[in-house]
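With TSV, C-alpha atoms inside, this is work_36.tsv:
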```
chain	number	residue	atom	x	y	z
A	1	MET	CA	17.89	37.58	65.87
A	2	ASP	CA	21.02	38.06	67.88
A	3	ASP	CA	23.03	41.27	68.13
A	4	ALA	CA	25.48	40.41	65.32
A	5	ASN	CA	22.68	39.74	62.83
A	6	MET	CA	20.93	42.92	63.92
A	7	CYS	CA	24.07	44.98	63.30
A	8	ILE	CA	24.51	43.43	59.86
A	9	ALA	CA	20.86	44.12	58.99
A	10	ILE	CA	21.20	47.75	60.11
A	11	ALA	CA	24.42	48.19	58.11
A	12	ILE	CA	22.84	46.75	54.96
A	13	SER	CA	19.76	48.94	55.42
A	14	LEU	CA	21.87	52.07	55.82
A	15	LEU	CA	23.90	51.14	52.75
A	16	MET	CA	20.71	50.66	50.73
A	17	ILE	CA	19.39	54.03	51.89
A	18	LEU	CA	22.67	55.62	50.81
A	19	ILE	CA	22.62	53.94	47.38
A	20	CYS	CA	18.98	54.93	46.79
A	21	ALA	CA	19.70	58.51	47.88
A	22	MET	CA	22.66	58.64	45.51
A	23	ALA	CA	20.49	57.46	42.61
A	24	THR	CA	17.80	60.01	43.43
A	25	TYR	CA	20.36	62.81	43.73
A	26	GLY	CA	22.04	61.74	40.47
A	27	ALA	CA	18.75	61.74	38.60
A	28	TYR	CA	17.74	65.11	40.07
A	29	LYS	CA	21.07	66.83	39.40
A	30	GLN	CA	21.60	65.07	36.03
A	31	ARG	CA	24.78	63.25	37.13
A	32	ALA	CA	24.93	59.83	35.52
A	33	ALA	CA	27.79	58.49	37.64
A	34	TRP	CA	25.65	58.69	40.79
A	35	ILE	CA	23.12	56.27	39.29
A	36	ILE	CA	25.63	53.47	38.63
A	37	PRO	CA	25.74	52.00	42.20
A	38	PHE	CA	21.95	51.61	42.24
A	39	PHE	CA	22.03	50.04	38.77
A	40	CYS	CA	24.71	47.56	39.92
A	41	TYR	CA	22.61	46.70	42.97
A	42	GLN	CA	19.62	46.03	40.72
A	43	ILE	CA	21.66	43.72	38.48
A	44	PHE	CA	23.00	41.86	41.54
A	45	ASP	CA	19.49	41.51	43.00
A	46	PHE	CA	18.16	40.26	39.65
A	47	ALA	CA	20.95	37.66	39.45
A	48	LEU	CA	20.21	36.41	42.97
A	49	ASN	CA	16.50	36.09	42.21
A	50	MET	CA	17.36	34.24	39.00
A	51	LEU	CA	19.45	31.80	41.07
A	52	VAL	CA	16.47	31.25	43.37
A	53	ALA	CA	14.28	30.47	40.35
A	54	ILE	CA	16.88	28.04	38.98
A	55	THR	CA	17.19	26.37	42.38
A	56	VAL	CA	13.43	25.91	42.61
A	57	LEU	CA	13.41	24.49	39.10
A	58	ILE	CA	16.30	22.07	39.69
A	59	TYR	CA	15.47	21.07	43.27
A	60	PRO	CA	11.66	21.18	43.55
A	61	ASN	CA	11.68	19.10	46.77
A	62	SER	CA	13.63	21.83	48.55
A	63	ILE	CA	10.42	23.86	48.85
A	64	GLN	CA	8.72	21.15	50.87
A	65	GLU	CA	11.80	20.82	53.08
A	66	TYR	CA	11.89	24.57	53.63
A	67	ILE	CA	8.21	24.62	54.59
A	68	ARG	CA	8.75	21.74	57.04
A	69	GLN	CA	11.48	23.74	58.78
A	70	LEU	CA	9.16	26.68	59.42
A	71	PRO	CA	7.80	27.07	62.96
A	72	PRO	CA	4.53	25.22	63.60
A	73	ASN	CA	2.66	28.46	64.29
A	74	PHE	CA	3.62	29.96	60.89
A	75	PRO	CA	0.44	31.18	59.12
A	76	TYR	CA	-0.96	28.83	56.44
A	77	ARG	CA	1.92	26.37	56.92
A	78	ASP	CA	-0.35	23.33	56.98
A	79	ASP	CA	-2.37	24.57	54.01
A	80	VAL	CA	0.74	25.02	51.90
A	81	MET	CA	2.04	21.59	52.95
A	82	SER	CA	-1.18	19.99	51.73
A	83	VAL	CA	-0.80	21.39	48.18
A	84	ASN	CA	0.48	19.05	45.48
A	85	PRO	CA	4.30	19.55	45.26
A	86	THR	CA	4.25	19.95	41.47
A	87	CYS	CA	1.49	22.54	41.67
A	88	LEU	CA	3.37	24.34	44.43
A	89	VAL	CA	6.53	24.49	42.30
A	90	LEU	CA	4.55	25.88	39.37
A	91	ILE	CA	2.90	28.52	41.56
A	92	ILE	CA	6.23	29.59	43.03
A	93	LEU	CA	7.89	29.68	39.59
A	94	LEU	CA	5.03	31.80	38.25
A	95	PHE	CA	5.36	34.17	41.19
A	96	ILE	CA	9.15	34.41	40.77
A	97	SER	CA	8.81	34.98	37.01
A	98	ILE	CA	6.39	37.87	37.64
A	99	ILE	CA	8.86	39.36	40.11
A	100	LEU	CA	11.76	38.90	37.68
A	101	THR	CA	9.78	40.55	34.89
A	102	PHE	CA	9.02	43.54	37.10
A	103	LYS	CA	12.65	43.78	38.23
A	104	GLY	CA	13.79	43.62	34.60
A	105	TYR	CA	11.43	46.48	33.78
A	106	LEU	CA	12.85	48.55	36.64
A	107	ILE	CA	16.40	47.80	35.49
A	108	SER	CA	15.40	49.01	32.03
A	109	CYS	CA	13.97	52.23	33.51
A	110	VAL	CA	17.17	52.98	35.43
A	111	TRP	CA	19.32	52.17	32.39
A	112	ASN	CA	17.22	54.47	30.18
A	113	CYS	CA	17.55	57.24	32.79
A	114	TYR	CA	21.32	56.74	32.83
A	115	ARG	CA	21.50	56.84	29.01
A	116	TYR	CA	19.30	59.93	28.86
A	117	ILE	CA	21.45	61.81	31.36
A	118	ASN	CA	24.63	60.68	29.61
A	119	GLY	CA	23.29	61.81	26.24
A	120	ARG	CA	22.00	65.08	27.64
A	121	ASN	CA	25.37	65.94	29.15
A	122	SER	CA	27.19	65.06	25.91
A	123	SER	CA	27.77	68.11	23.72
A	124	ASP	CA	28.99	66.14	20.69
A	125	VAL	CA	25.62	65.03	19.38
A	126	LEU	CA	22.29	66.73	19.82
A	127	VAL	CA	19.23	64.53	20.12
A	128	TYR	CA	16.01	65.73	18.57
A	129	VAL	CA	12.86	63.72	19.23
A	130	THR	CA	10.09	64.22	16.72
A	131	SER	CA	6.38	63.92	17.42
A	132	ASN	CA	6.09	60.35	16.11
A	133	ASP	CA	8.61	59.01	18.65
A	134	THR	CA	11.53	58.70	16.26
A	135	THR	CA	14.94	59.97	17.29
A	136	VAL	CA	17.11	61.96	14.91
A	137	LEU	CA	20.77	62.52	15.68
A	138	LEU	CA	21.89	65.98	14.59
A	139	PRO	CA	25.54	66.88	13.99
A	140	PRO	CA	27.15	69.70	15.96
A	141	TYR	CA	26.38	73.16	14.57
A	142	ASP	CA	29.96	73.88	13.47
A	143	ASP	CA	30.19	70.68	11.41
A	144	ALA	CA	26.81	71.27	9.78
A	145	THR	CA	27.65	74.83	8.69
A	146	VAL	CA	31.12	73.99	7.38
A	147	ASN	CA	30.06	70.88	5.44
A	148	GLY	CA	26.81	72.45	4.24
A	149	ALA	CA	28.51	75.46	2.59
A	150	ALA	CA	31.03	73.31	0.67
A	151	LYS	CA	28.39	71.26	-1.15
A	152	GLU	CA	27.31	72.12	-4.67
A	153	PRO	CA	23.81	73.46	-5.15
A	154	PRO	CA	21.27	71.03	-6.57
A	155	PRO	CA	20.75	70.98	-10.37
A	156	PRO	CA	18.15	73.36	-11.75
A	157	TYR	CA	14.60	72.18	-12.18
A	158	VAL	CA	13.80	71.05	-15.71
A	159	SER	CA	10.19	70.63	-16.75
A	160	ALA	CA	9.35	67.54	-18.72
```
How does the structure come out when it is put into structure tokens?
Amino acid sequence: MDDANMCIAIAISLLMILICAMATYGAYKQRAAWIIPFFCYQIFDFALNMLVAITVLIYPNSIQEYIRQLPPNFPYRDDVMSVNPTCLVLIILLFISIILTFKGYLISCVWNCYRYINGRNSSDVLVYVTSNDTTVLLPPYDDATVNGAAKEPPPPYVSA
């Protein structure tokens, strides 16, 4: 690596540390807007990994070319070159799909955290979670008391 690449790598690393710190601070202090940059980074990273998977699927010979360009002293280079190209593509696609699944799960976790903080900071609707994992949306107290008093009482009970 030359000096220019090292400076770029350091700048990207510092930016990632800042974005992760913002997300952690936003989750800790219940500020949803601080989580958005980390969520956008996750979406961008997922899209790039999806492009890699599509590239491997469309151009399967590019893997062999990439392995040939590696230095001769790279560990297991010759072993990987000896694997059947179709089998190698399937192994790499399986590995990428596992990574994409995990990244999708993490994106879902961050999105649910964002929604939870947004809903918690909203005073319009109260969220009540019952014991059987169902969510009930309750109206604000003022609306419930005003509308509840205006309704007619139920009819009297008549025995059959």
Neighbour list for Cys40 (chain A) as a compact mmCIF listing (two decimals) with C-alpha atoms, keeping the file's coordinate frame, cut-off 12 Å, all atoms listed in the file, skip fewer than 3 positions in-chain:
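The resulting part_39.txt:
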```
# COMPACT_ATOMS: atom_id res chain seq x y z
CA MET A 16 20.71 50.66 50.73
CA ILE A 19 22.62 53.94 47.38
CA CYS A 20 18.98 54.93 46.79
CA ALA A 23 20.49 57.46 42.61
CA ALA A 33 27.79 58.49 37.64
CA TRP A 34 25.65 58.69 40.79
CA ILE A 35 23.12 56.27 39.29
CA ILE A 36 25.63 53.47 38.63
CA PRO A 37 25.74 52.00 42.20
CA ILE A 43 21.66 43.72 38.48
CA PHE A 44 23.00 41.86 41.54
CA ASP A 45 19.49 41.51 43.00
CA PHE A 46 18.16 40.26 39.65
CA ALA A 47 20.95 37.66 39.45
CA ILE A 107 16.40 47.80 35.49
CA VAL A 110 17.17 52.98 35.43
CA TRP A 111 19.32 52.17 32.39
```
Revision key, fill the gap. CA of Val52 (chain A) sits from CA of Ile99 (chain A) at a separation of 11.6 Å
Practice item. Give the answer as one residue: which of A:Phe38, A:Val83, A:Asn121, A:Tyr76 has the shortest atom-to-atom distance to Ala21 (chain A), using only C-alpha atoms? Key: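 Going through A:Phe38, A:Val83, A:Asn121, A:Tyr76 one by one, the smallest distance to Ala21 (chain A) is for A:Phe38.
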Exercise for review: Give me, please, the distance in Å between CA of Leu18 (chain A) and CA of Phe102 (chain A), quoted to one decimal.
Suggested key: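 CA of Phe102 (chain A) lies at a distance of 22.8 Å from CA of Leu18 (chain A).
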Check your understanding: Pick the closest to Thr55 (chain A) from A:Gln42, A:Ser159, A:Cys87, A:Ile92: which is it, counting all atoms listed in the file?
Key ->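 Under the stated criterion, the closest residue is A:Ile92.
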Review point. For Cys113 (chain A), which of A:Ala27, A:Leu15, A:Ile98, A:Leu57 is the closest residue, counting all atoms listed in the file?
Key: A:Ala27
Revision key, fill the gap. With distances taken over all atoms listed in the file, the candidate from A:Thr101, A:Gln30, A:Asn49, A:Asn5 nearest Tyr114 (chain A) is A:Gln30
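Atom pair CA of Asn118 (chain A) / CA of Gly26 (chain A): separated by 11.2 Å.
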Any chance you could work out the axis-aligned box around region 85-90 of chain A, listed atoms only, 3 Å on each side, giving centre and edge lengths in Å to one decimal, as JSON?
```
{"center_x": 4.0, "center_y": 22.7, "center_z": 42.3, "size_x": 11.0, "size_y": 12.3, "size_z": 11.9}
```
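Among the candidates A:Leu14, A:Tyr28, A:Leu93, A:Phe74, the residue lying nearest to Ala53 (chain A) is A:Leu93 (atoms considered: only C-alpha atoms).
Residues lying within 12 Å of Asp79 (chain A), counting all atoms listed in the file and ignoring same-chain neighbours fewer than 4 positions away, are A:Ile67, A:Arg68, A:Pro72, A:Phe74, A:Pro75, A:Val83, A:Asn84, A:Leu88.
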Could you write out the selected residues, including C-alpha atoms, as a short mmCIF file (atom, residue, chain, number, x, y, z; two decimals), keeping the file's coordinate frame?
```
data_model
loop_
_atom_site.label_atom_id
_atom_site.label_comp_id
_atom_site.auth_asym_id
_atom_site.auth_seq_id
_atom_site.Cartn_x
_atom_site.Cartn_y
_atom_site.Cartn_z
CA ILE A 67 8.21 24.62 54.59
CA ARG A 68 8.75 21.74 57.04
CA PRO A 72 4.53 25.22 63.60
CA PHE A 74 3.62 29.96 60.89
CA PRO A 75 0.44 31.18 59.12
CA VAL A 83 -0.80 21.39 48.18
CA ASN A 84 0.48 19.05 45.48
CA LEU A 88 3.37 24.34 44.43
#
```
Point to revise | Best match for closeness to Val89 (chain A) among A:Asp3, A:Gln64, A:Tyr41, A:Ala9, counting all atoms listed in the file | key: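 Selected residue with least distance to Val89 (chain A): A:Gln64.
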